[in-house]
There are 4 protein chains.
Amino acid sequence: VTPVGPLRHAVPMETELKPITSPGTRFVELCEEHAADFATRADEHDRESSFPLENVKAMQESGVAAACVPEQFGGLGLDSIHDLTTGVNRLGRGDGSTAIAINMHLTATWVVARAWRELVAKGDHERAAPLEFLLSGVGGGALVVCVLGTEAGAYAGYPLAELTPVEGGYRLHGRKAFGTLSPAANLMLVACRLRQDEHDNAVFAAVDPNADGVVLRDNWDALGMRASGSQDVVLEGVFVPEGTTLTGGTWGALTPTAITNILAGTSGLTGAFLGIAEEAHRLGIELVTTRKKAPSERGVASRPSIQHAIAESEIDLATSRGVIAHSAGLADDYYATHTNVDAGVEDLHGLFAQIQAAKTHVNAAAIRIVDRALTVSGGAGYMTANPLSRLYRDVRAGPFMQQYSPNEVYEYIGKVALRLDPTLDL
Amino acid sequence: VTPVGPLRHAVPMETELKPITSPGTRFVELCEEHAADFATRADEHDRESSFPLENVKAMQESGVAAACVPEQFGGLGLDSIHDLTTGVNRLGRGDGSTAIAINMHLTATWVVARAWRELVAKGDHERAAPLEFLLSGVGGGALVVCVLGTEAGAYAGYPLAELTPVEGGYRLHGRKAFGTLSPAANLMLVACRLRQDEHDNAVFAAVDPNADGVVLRDNWDALGMRASGSQDVVLEGVFVPEGTTLTGGTWGALTPTAITNILAGTSGLTGAFLGIAEEAHRLGIELVTTRKKAPSERGVASRPSIQHAIAESEIDLATSRGVIAHSAGLADDYYATHTNVDAGVEDLHGLFAQIQAAKTHVNAAAIRIVDRALTVSGGAGYMTANPLSRLYRDVRAGPFMQQYSPNEVYEYIGKVALRLDPTLDL
Amino acid sequence: VTPVGPLRHAVPMETELKPITSPGTRFVELCEEHAADFATRADEHDRESSFPLENVKAMQESGVAAACVPEQFGGLGLDSIHDLTTGVNRLGRGDGSTAIAINMHLTATWVVARAWRELVAKGDHERAAPLEFLLSGVGGGALVVCVLGTEAGAYAGYPLAELTPVEGGYRLHGRKAFGTLSPAANLMLVACRLRQDEHDNAVFAAVDPNADGVVLRDNWDALGMRASGSQDVVLEGVFVPEGTTLTGGTWGALTPTAITNILAGTSGLTGAFLGIAEEAHRLGIELVTTRKKAPSERGVASRPSIQHAIAESEIDLATSRGVIAHSAGLADDYYATHTNVDAGVEDLHGLFAQIQAAKTHVNAAAIRIVDRALTVSGGAGYMTANPLSRLYRDVRAGPFMQQYSPNEVYEYIGKVALRLDPTLDL
Amino acid sequence: VTPVGPLRHAVPMETELKPITSPGTRFVELCEEHAADFATRADEHDRESSFPLENVKAMQESGVAAACVPEQFGGLGLDSIHDLTTGVNRLGRGDGSTAIAINMHLTATWVVARAWRELVAKGDHERAAPLEFLLSGVGGGALVVCVLGTEAGAYAGYPLAELTPVEGGYRLHGRKAFGTLSPAANLMLVACRLRQDEHDNAVFAAVDPNADGVVLRDNWDALGMRASGSQDVVLEGVFVPEGTTLTGGTWGALTPTAITNILAGTSGLTGAFLGIAEEAHRLGIELVTTRKKAPSERGVASRPSIQHAIAESEIDLATSRGVIAHSAGLADDYYATHTNVDAGVEDLHGLFAQIQAAKTHVNAAAIRIVDRALTVSGGAGYMTANPLSRLYRDVRAGPFMQQYSPNEVYEYIGKVALRLDPTLDL
């Protein structure tokens with residue numbers, strides 16, 4: 001038997017997600033550079049539960065924050081959900097909190113850019129104008145957008161924050177939780193309800209964080225993702241001028257618009273949590289390939305149980321990358337060939353169920369991968385000083401992130417597969 | 001809340017594996033047609049443990065059996081491992097036994113075609129000639145090739161079947177197990193050992209099943225895959241003329257040649273077992289969407305526990321398709337850019353570990369999917385008359401199939417990831 | 001380091017379930033003797049799907065069939081559910097089909113004996129008389145009782161078989177499935193519905209298999225448990241004389257009576273499936289400790305991956321034994337101190353949820369254990385000639401067995417734990 | 001259908017582990033009282049990573065700390081490992097850190113009490129005397145004992161801390177990690193090596209924390225179990241007088257003495273982690289049974305997905321309680337009938353493998369249970385202010401705790417089951 005000798009270079013990195021478009025290639029490159037930088041401050045921001053404003057600033061300067069903005073407005077023109085997810089994946093390796101925070105901004109601009117392109121193609125310049133304003137703002141580095149969706153007392157898609165018509169616009173009342181990225185945002189898109197005669201509208205109100213009645217609670221103190229700034233935001237009768245709201249479809253309904261609004265963001269999140277898992281796996285491998293223990297003083301990596309655990313994580317990584325690439329690829333194919341999304345609600349449910357399958361698998365796999373990295377660390381990873389202890393806390397945020405948590409997702413995917421009405425029984 | 005209404009068409013089929021090359025598209029189309037036909041006889045062949053010679057004949061006539069043969073020799077010119085796996089996937093939906101049987105033949109010709117192309121490119125027409133003969137034979141519909149690798153008393157890669165030099169060639173002695181496809185083959189490639197001074201060679205001897213000393217035991221009687229003809233084959237001093245052996249690298253070593261010899265076949269198998277799972281899932285969905293039960297007489301599919309189980313299988317299907325597409329895609333990329341495979345043993349181990357990760361995941365996921373289909377069938381699937389009871393037996397073959405079973409695969413993947421010598425401690 | 005040397009005797013058998021009462025000790029002893037005998041014919045009956053009438057006869061002769069009959073009627077006076085389960089566990093090691101078949105008879109007599117004791121304690125000799133007749137019949141070796149509960153078109157607890165009042169009794173119409181033990185039974189207790197003004201009654205009609213209108217379909221042909229005689233039984237207007245019915249509570253309601261009627265039987269089943277798993281584990285260990293393979297010719301058991309798999313099964317066995325002992329022990333404690341079961345519906349749901357937890361875990365763990373035995377067998381266990389291939393098919397019956405399958409059990413346990421009305425939404 | 005109505009009282013508490021001896025009953029009662037008190041300060045000590053000296057003091061005053069001391073020395077005379085585990089289980093519900101800390105002290109005294117009884121029975125009063133001194137010290141409330149076993153550079157059982165003979169005793173050099181309870185201990189039993197001609201001895205040196213050369217590092221800062229005081233302890237040539245060491249068998253060997261030294265402690269730990277899981281499950285149920293959400297404003301507990309998750313945890317709780325009761329019961333039975341433990345190394349390995357199976361299952365199940373409590377909390381449990389976020393961090397300590405972690409335990413259990421020499425290949 002001739003041994004082949006040790007492998008010379010990193011295997012995982014060869015099999016990682018790779019960009020498939022030209023803007024994606026630039027975007028991923030930049031994200032990799034940012035990740036290396038963000039990683040140096042991740043533990044400190046975690047300890048202090050402070051928001052890394054400097055990270056957001058750096059991404060504005062590099063062009064990453066404007067990735068999804070069309071080139072004519074100063075962006076990278078990134079359109080591929082696959083590549084968006086791949087870049088967020090790289091950021092997740094450096095700092096999970098920053099990755100999920102900027103994902104909100106990136107995917108919000110992806111939604112706006114897509115809507116803008118459709119309106120322009122239809123020649124509807126009037127409705128395209130406010131979107132153009134937003135895209136220019138992001139493209140020029142002036143705007144950072146966060147989305148406020150979640151509320152403690154309502155399931156996703158049923159916001160209780162409400163717009164009440166007043167002269168020249170609306171008053172907005174509500175309480176939002178998990179306001180990720182809000183410490184850095186200067187534009188907040190607030191999911192709310194607008195009562196109508198027939199059915200209520202779901203609306204996104206564009207709100208300036210400095211407006212009267214906006215209270216940033218500065219109360220984010222959680223188990224993990226402590227640098228994500230996911231504070232509560234209270235809206236006490238904030239004035240929302242006419243023309244500063246975006247349609248989100250029908251309140252409580254998963255319309256094509258509603259699906260498109262959240263699909264890219266959901267995919268992006270899978271990238272972030274895969275990144276956390278990849279970093280934990282890397283740290284675990286580093287530990288076991290450098291430590292030796294008595295009595296044999298052989299390397300820890302020589303133990304079959306360690307090889308077994310590492311192999312299980314390799315399989316989890318392979319399936320996670322595969323399901324992300326496959327589902328994001330389906331999304332890219334779909335959106336490349338469908339300009340009028342409203343035509344295909346069944347298709348979109350079929351597609352969104354795939355993205356949800358990816359999210360559900362990746363979140364669970366990422367948790368297992370971090371857990372195994374802790375296991376093979378033999379106690380070292382349990383120390384606060386070891387980044388694995390942060391990754392263990394950060395990665396657990398994944399399943400909570402909306403739309404959907406494990407409390408809802410099986411019902412959704414199951415109903416879609418069984419061709420039942422996929423509206424959840426909430 | 002406006003319900004979106006039931007989805008009008010099948011979701012799973014939209015998300016299935018799709019061919020990505022032109023020969024692959026034709027191949028997959030033909031496989032789909034065959035599968036519909038094979039399905040009509042699958043239960044009968046299973047009951048009788050008989051080999052469906054008519055299926056092999058049909059695939060010779062349609063051109064499927066010659067898929068990997070270059071067009072100049074009468075084949076489809078299929079080169080993509082991704083598309084090969086996708087076609088075998090379709091066959092697996094119709095009859096798992098036939099799928100794994102023809103996979104041996106298809107991937108053996110893939111290996112030969114690839115080797116032939118390399119030799120021609122190098123101008124080595126002498127060594128290319130016997131390969132050309134084999135490819136012409138398959139392309140013309142005359143040859144069906146099976147590979148005899150496994151032995152009861154040795155781990156994969158360490159065949160005890162042995163070539164002893166005699167005048168004009170060798171004598172071959174050995175006992176092979178799991179000789180899938182052998183009832184239909186008129187050419188058997190027998191993995192054997194050829195002792196040398198420095199290290200022993202791994203060799204494939206081309207043997208005519210009708211030659212003196214070849215004993216087909218006709219003893220295949222197993223839990224599942226009963227129509228795969230996986231009988232024992234005993235070789236009692238069979239004469240192997242010089243010039244009718246193919247090199248398989250070094251005995252017991254996973255050389256680049258050895259990896260390339262088995263990689264496509266391993267990927268193909270994942271397609272077959274995914275196909276079995278897809279068929280079981282389809283049957284399960286059919287059952288729950290058509291049955292009603294007292295006291296409510298509501299459809300079974302309306303029960304949350306059924307939706308939950310179906311969703312779990314959807315996730316397993318999504319990850320299985322994803323990991324197959326991702327790993328087979330990596331293989332296609334690698335082989336498209338590497339003509340001299342011997343240059344990159346580390347790369348090939350990295351690649352093969354991904355294929356093994358796909359195999360391990362898909363086999364386990366397929367077993368879970370069939371199991372859930374049984375569960376939601378509420379007892380109906382446990383009856384012999386229900387195809388689910390066959391699928392439950394067939395799908396369990398997956399993890400046994402070499403290279404590697406769960407008894408070996410974690411050591412292999414783990415060592416590759418840890419950059420240790422991946423030779424197994426057997 | 002001083003090695004301690006190989007362990008001299010079987011570990012698993014020291015940790016097995018042990019009887020805790022005196023009648024239980026005798027019962028378990030006899031069951032062990034029967035199991036050794038039954039094992040010799042199990043594969044043959046499986047192959048032919050024939051019912052082992054000789055096994056039932058042997059258990060009638062040994063006293064095992066009369067185990068739960070009070071001593072004054074010729075029985076062993078076995079009352080402990082723990083010990084009943086332990087004896088059925090031993091039978092399961094020898095032949096799973098026989099174990100689940102006789103479990104029906106044993107637990108039916110357990111229910112009758114318990115009801116008889118309560119009535120006698122209350123001085124209600126009139127209602128005790130028919131029970132005494134049945135117990136004497138079983139105690140004297142004349143009666144074998146099967147219970148016909150399941151129907152294809154209704155959930156458990158909602159039988160559609162119906163009693164229609166006629167002069168002197170009722171006419172019974174219905175179709176029963178999974179009539180385990182029916183080929184040997186001379187008394188069938190048929191779960192049926194008796195319509196009443198306020199609410200319908202659940203009733204067990206005592207039916208002679210030879211009565212007019214009883215059709216034994218002789219159609220049992222399933223994946224596994226092929227020797228259990230679980231044929232369909234059709235009841236075409238069978239006359240049921242007054243006084244030959246037993247109350248089963250309210251139709252569709254899990255009353256205390258209904259729970260007590262099925263609780264012991266459910267626990268007994270867990271023993272049978274644990275027995276199947278133990279036998280598979282034993283066979284797997286036997287295989288790996290006796291086989292050697294090239295190139296090293298070391299024993300297969302020396303491989304870390306084999307040790308890992310065996311350890312996982314040891315853990316599954318330990319938890320299965322633990323949860324059976326704990327839950328059956330709770331049942332014994334409860335029934336020892338509660339003569340009027342109707343007083344405590346909440347307690348009984350709490351208790352039954354524990355028995356269901358045991359069933360759910362043991363069924364799943366047993367499937368995993370048989371699966372691992374196959375895995376470590378390296379292909380040998382997949383052959384029809386190897387008993388593991390039968391155990392793989394037999395063990396899959398567990399989750400189907402009522403009350404409850406995985407399609408219902410999570411709802412039940414969850415509702416009980418959450419203190420919601422545990423009636424299933426069927 | 002007549003609904004049975006909501007259950008009136010807590011189900012889980014009826015099925016919890018119950019003491020089976022008279023001293024155990026008193027011990028468990030006291031532990032329940034302590035747990036209610038400790039729970040009030042658990043979050044604060046966690047936040048500050050401070051050691052709750054007041055908890056230890058309270059347990060000294062109540063008699064809990066002297067539980068395993070024979071009555072003649074002022075203890076409760078608790079001997080049952082089952083009941084010891086049950087009491088630690090109750091403490092774990094209140095504060096996991098305190099539970100694992102006092103478990104070290106309790107089980108150390110259990111070991112000493114058992115050894116003392118054996119020596120007295122043999123009439124060996126000379127060797128019994130120092131043990132009597134220790135038991136009197138604990139019984140009188142003067143002594144708190146911690147055990148220092150773990151070292152960063154050596155596997156369990158191979159301490160590198162070493163005793164060097166000097167006049168009148170030894171010098172002790174070494175570095176210990178995970179010195180749980182050390183902030184409160186006034187007697188430390190330090191596992192160390194004493195080199196001999198034939199084989200090295202494993203020895204426990206009794207060290208006063210205030211002795212010269214003992215450095216308490218006060219550096220415990222971990223992900224969880226932050227109030228356990230598990231600091232590093234450095235021993236810089238500490239003088240250990242002759243007669244103050246206890247034998248621990250042979251260095252690196254799992255002798256009967258070594259097994260008995262750690263078996264009770266391992267079982268106790270399973271109780272602690274079960275307690276953490278029970279508390280998380282209780283909190284999860286409390287959350288879902290009190291919250292309502294829009295749009296339906298139905299209680300969260302009414303959702304099938306919530307019921308499913310709760311049921312899965314109920315099953316995990318049932319199996320965890322079952323395997324603890326079964327394995328600890330086997331230990332009690334064994335030790336009740338074996339005074340000379342050295343006679344049965346095979347038996348002890350068989351027994352210890354069961355305790356390890358319990359540990360492995362309970363640790364994994366407890367992690368799943370806490371995870372599900374987080375899931376059903378819908379984000380609420382992820383907040384630092386919610387105790388679930390502490391339980392998620394605390395429960396992860398379980399698998400790390402020695403002897404054995406998942407990196408070693410499968411090899412151990414597997415080898416014992418396969419009757420191979422169970423010495424790990426370290």
# chains A, B, ... in the order shown; residues from 1 in each chain; ligands from 1
>>> residues_around(residues="Ala108 of chain B", least_positions_apart="5", cutoff="9 Å", atoms="only C-alpha atoms", output="PyMOL selection string")
chain B and resi 68+103+113+145-147+189+261-262+264-265
>>> residues_around(residues="Ile413 of chain B", least_positions_apart="4", cutoff="7 Å", atoms="only C-alpha atoms", output="ChimeraX atom specification")
/A:311 /B:353,409,417
>>> write_last_selection(atoms="N, CA and C atoms", output="mmCIF file, in the first residue's frame")
data_model
loop_
_atom_site.group_PDB
_atom_site.id
_atom_site.type_symbol
_atom_site.label_atom_id
_atom_site.label_comp_id
_atom_site.auth_asym_id
_atom_site.auth_seq_id
_atom_site.Cartn_x
_atom_site.Cartn_y
_atom_site.Cartn_z
ATOM 1 N N ALA A 311 -16.171 14.257 9.821
ATOM 2 C CA ALA A 311 -16.830 13.770 8.609
ATOM 3 C C ALA A 311 -18.323 14.102 8.634
ATOM 4 N N ALA B 353 -14.315 12.807 -1.765
ATOM 5 C CA ALA B 353 -14.949 12.962 -0.451
ATOM 6 C C ALA B 353 -16.296 13.661 -0.588
ATOM 7 N N VAL B 409 -16.963 5.115 5.503
ATOM 8 C CA VAL B 409 -16.983 6.431 4.863
ATOM 9 C C VAL B 409 -16.607 7.579 5.790
ATOM 10 N N ALA B 417 -10.629 15.580 5.162
ATOM 11 C CA ALA B 417 -10.855 16.935 5.683
ATOM 12 C C ALA B 417 -9.736 17.367 6.616
#
>>> residues_around(residues="Tyr412 of chain C", least_positions_apart="4", cutoff="7 Å", atoms="only C-alpha atoms", output="list in words")
Glu408, Val416, Pro422 and Leu424 of chain C
>>> closest_atom_pairs(of="chain A", to="chain B", cutoff="6 Å", atoms="only C-alpha atoms", output="JSON lines")
{"residue": "A:Val1", "atom": "CA", "partner": "B:Ala253", "partner_atom": "CA", "distance": 5.6}
{"residue": "A:Gly5", "atom": "CA", "partner": "B:Asp421", "partner_atom": "CA", "distance": 5.1}
{"residue": "A:Pro6", "atom": "CA", "partner": "B:Leu420", "partner_atom": "CA", "distance": 4.9}
{"residue": "A:Leu7", "atom": "CA", "partner": "B:Arg419", "partner_atom": "CA", "distance": 4.8}
{"residue": "A:Val11", "atom": "CA", "partner": "B:Gly350", "partner_atom": "CA", "distance": 5.7}
{"residue": "A:Gly252", "atom": "CA", "partner": "B:Val1", "partner_atom": "CA", "distance": 5.7}
{"residue": "A:Ala253", "atom": "CA", "partner": "B:Val1", "partner_atom": "CA", "distance": 5.7}
{"residue": "A:Gln307", "atom": "CA", "partner": "B:Gly414", "partner_atom": "CA", "distance": 4.3}
{"residue": "A:His308", "atom": "CA", "partner": "B:Tyr410", "partner_atom": "CA", "distance": 5.1}
{"residue": "A:Ile310", "atom": "CA", "partner": "B:Gly414", "partner_atom": "CA", "distance": 5.4}
{"residue": "A:Ala311", "atom": "CA", "partner": "B:Gly414", "partner_atom": "CA", "distance": 4.3}
{"residue": "A:Ile315", "atom": "CA", "partner": "B:Ala357", "partner_atom": "CA", "distance": 5.0}
{"residue": "A:Thr319", "atom": "CA", "partner": "B:Val323", "partner_atom": "CA", "distance": 4.9}
{"residue": "A:Gly322", "atom": "CA", "partner": "B:Gly322", "partner_atom": "CA", "distance": 4.0}
{"residue": "A:Val323", "atom": "CA", "partner": "B:Gly322", "partner_atom": "CA", "distance": 4.3}
{"residue": "A:His326", "atom": "CA", "partner": "B:Gly322", "partner_atom": "CA", "distance": 5.1}
{"residue": "A:Glu346", "atom": "CA", "partner": "B:Leu7", "partner_atom": "CA", "distance": 5.0}
{"residue": "A:Gly350", "atom": "CA", "partner": "B:Val11", "partner_atom": "CA", "distance": 5.7}
{"residue": "A:Ala357", "atom": "CA", "partner": "B:Ile315", "partner_atom": "CA", "distance": 5.0}
{"residue": "A:Tyr410", "atom": "CA", "partner": "B:His308", "partner_atom": "CA", "distance": 5.1}
{"residue": "A:Glu411", "atom": "CA", "partner": "B:Gln307", "partner_atom": "CA", "distance": 5.9}
{"residue": "A:Ile413", "atom": "CA", "partner": "B:Ala311", "partner_atom": "CA", "distance": 5.2}
{"residue": "A:Gly414", "atom": "CA", "partner": "B:Ala311", "partner_atom": "CA", "distance": 4.3}
{"residue": "A:Arg419", "atom": "CA", "partner": "B:Leu7", "partner_atom": "CA", "distance": 4.9}
{"residue": "A:Leu420", "atom": "CA", "partner": "B:Pro6", "partner_atom": "CA", "distance": 4.9}
{"residue": "A:Asp421", "atom": "CA", "partner": "B:Pro6", "partner_atom": "CA", "distance": 4.9}
>>> atom_distance(atom1="atom CA of Ala280 of chain C", atom2="atom CA of Ala39 of chain C")
12.5 Å
>>> atom_distance(atom1="atom CA of Asp37 of chain B", atom2="atom CA of Phe273 of chain B")
18.4 Å
>>> atom_distance(atom1="atom CA of Val190 of chain B", atom2="atom CA of Gly94 of chain B")
28.6 Å
>>> closest_residue(among="D:Ser182, D:Thr375, D:Ser389, D:Thr85", to="Gly224 of chain A", atoms="only C-alpha atoms")
D:Ser389
>>> closest_residue(among="B:Thr98, B:Ala294, B:Gly329, B:Gln402", to="Leu426 of chain C", atoms="only C-alpha atoms")
B:Ala294
>>> residues_around(residues="Gln196 of chain A", least_positions_apart="5", cutoff="12 Å", atoms="only C-alpha atoms", output="compact mmCIF listing (two decimals) with C-alpha atoms, in the first residue's frame")
# COMPACT_ATOMS: atom_id res chain seq x y z
CA GLU A 162 -51.13 50.39 11.90
CA LEU A 163 -51.39 53.36 9.59
CA THR A 164 -54.28 55.71 10.31
CA PRO A 165 -55.11 58.20 7.54
CA ASN A 201 -53.39 46.18 2.93
CA ALA A 202 -49.89 45.21 4.02
CA VAL A 203 -47.77 48.32 3.62
CA THR A 250 -52.61 42.00 1.29
CA TRP A 251 -52.40 41.95 5.09
>>> residues_around(residues="Leu84 of chain C", least_positions_apart="6", cutoff="8 Å", atoms="only C-alpha atoms", output="PyMOL selection string")
chain C and resi 24+27+78+268
>>> write_last_selection(atoms="C-alpha atoms", output="tab-separated table (two decimals), in the first residue's frame")
chain	number	residue	atom	x	y	z
C	24	GLY	CA	-43.72	-12.95	36.45
C	27	PHE	CA	-43.84	-16.55	33.13
C	78	LEU	CA	-49.72	-12.69	36.54
C	268	GLY	CA	-46.61	-5.64	25.79
>>> select_by_dssp(residues="segment 171-292 of chain C", states="alpha helix (DSSP H)", output="number ranges by chain")
C: 256-290
>>> residues_around(residues="Ala211 of chain D", least_positions_apart="6", cutoff="10 Å", atoms="only C-alpha atoms", output="list in words")
Leu235, Val238, Phe239 and Val240 of chain D
>>> write_last_selection(atoms="N, CA, C and O atoms", output="compact mmCIF listing (two decimals), in the first residue's frame")
# COMPACT_ATOMS: atom_id res chain seq x y z
N LEU D 235 -0.48 23.57 41.16
CA LEU D 235 0.17 22.98 42.34
C LEU D 235 1.67 23.05 42.12
O LEU D 235 2.24 22.31 41.32
N VAL D 238 3.62 21.50 46.11
CA VAL D 238 2.89 21.44 47.39
C VAL D 238 3.35 20.22 48.18
O VAL D 238 3.48 19.12 47.64
N PHE D 239 3.58 20.41 49.48
CA PHE D 239 4.00 19.29 50.33
C PHE D 239 2.77 18.46 50.73
O PHE D 239 1.79 18.98 51.24
N VAL D 240 2.87 17.14 50.46
CA VAL D 240 1.78 16.22 50.80
C VAL D 240 2.33 15.22 51.80
O VAL D 240 3.11 14.34 51.45
>>> residues_around(residues="Ala366 of chain A", least_positions_apart="5", cutoff="7 Å", atoms="only C-alpha atoms", output="count of residues only")
4
>>> closest_residue(among="B:Glu29, B:Asp221, B:Asp371, B:Glu236", to="Asp83 of chain B", atoms="only C-alpha atoms")
B:Glu29
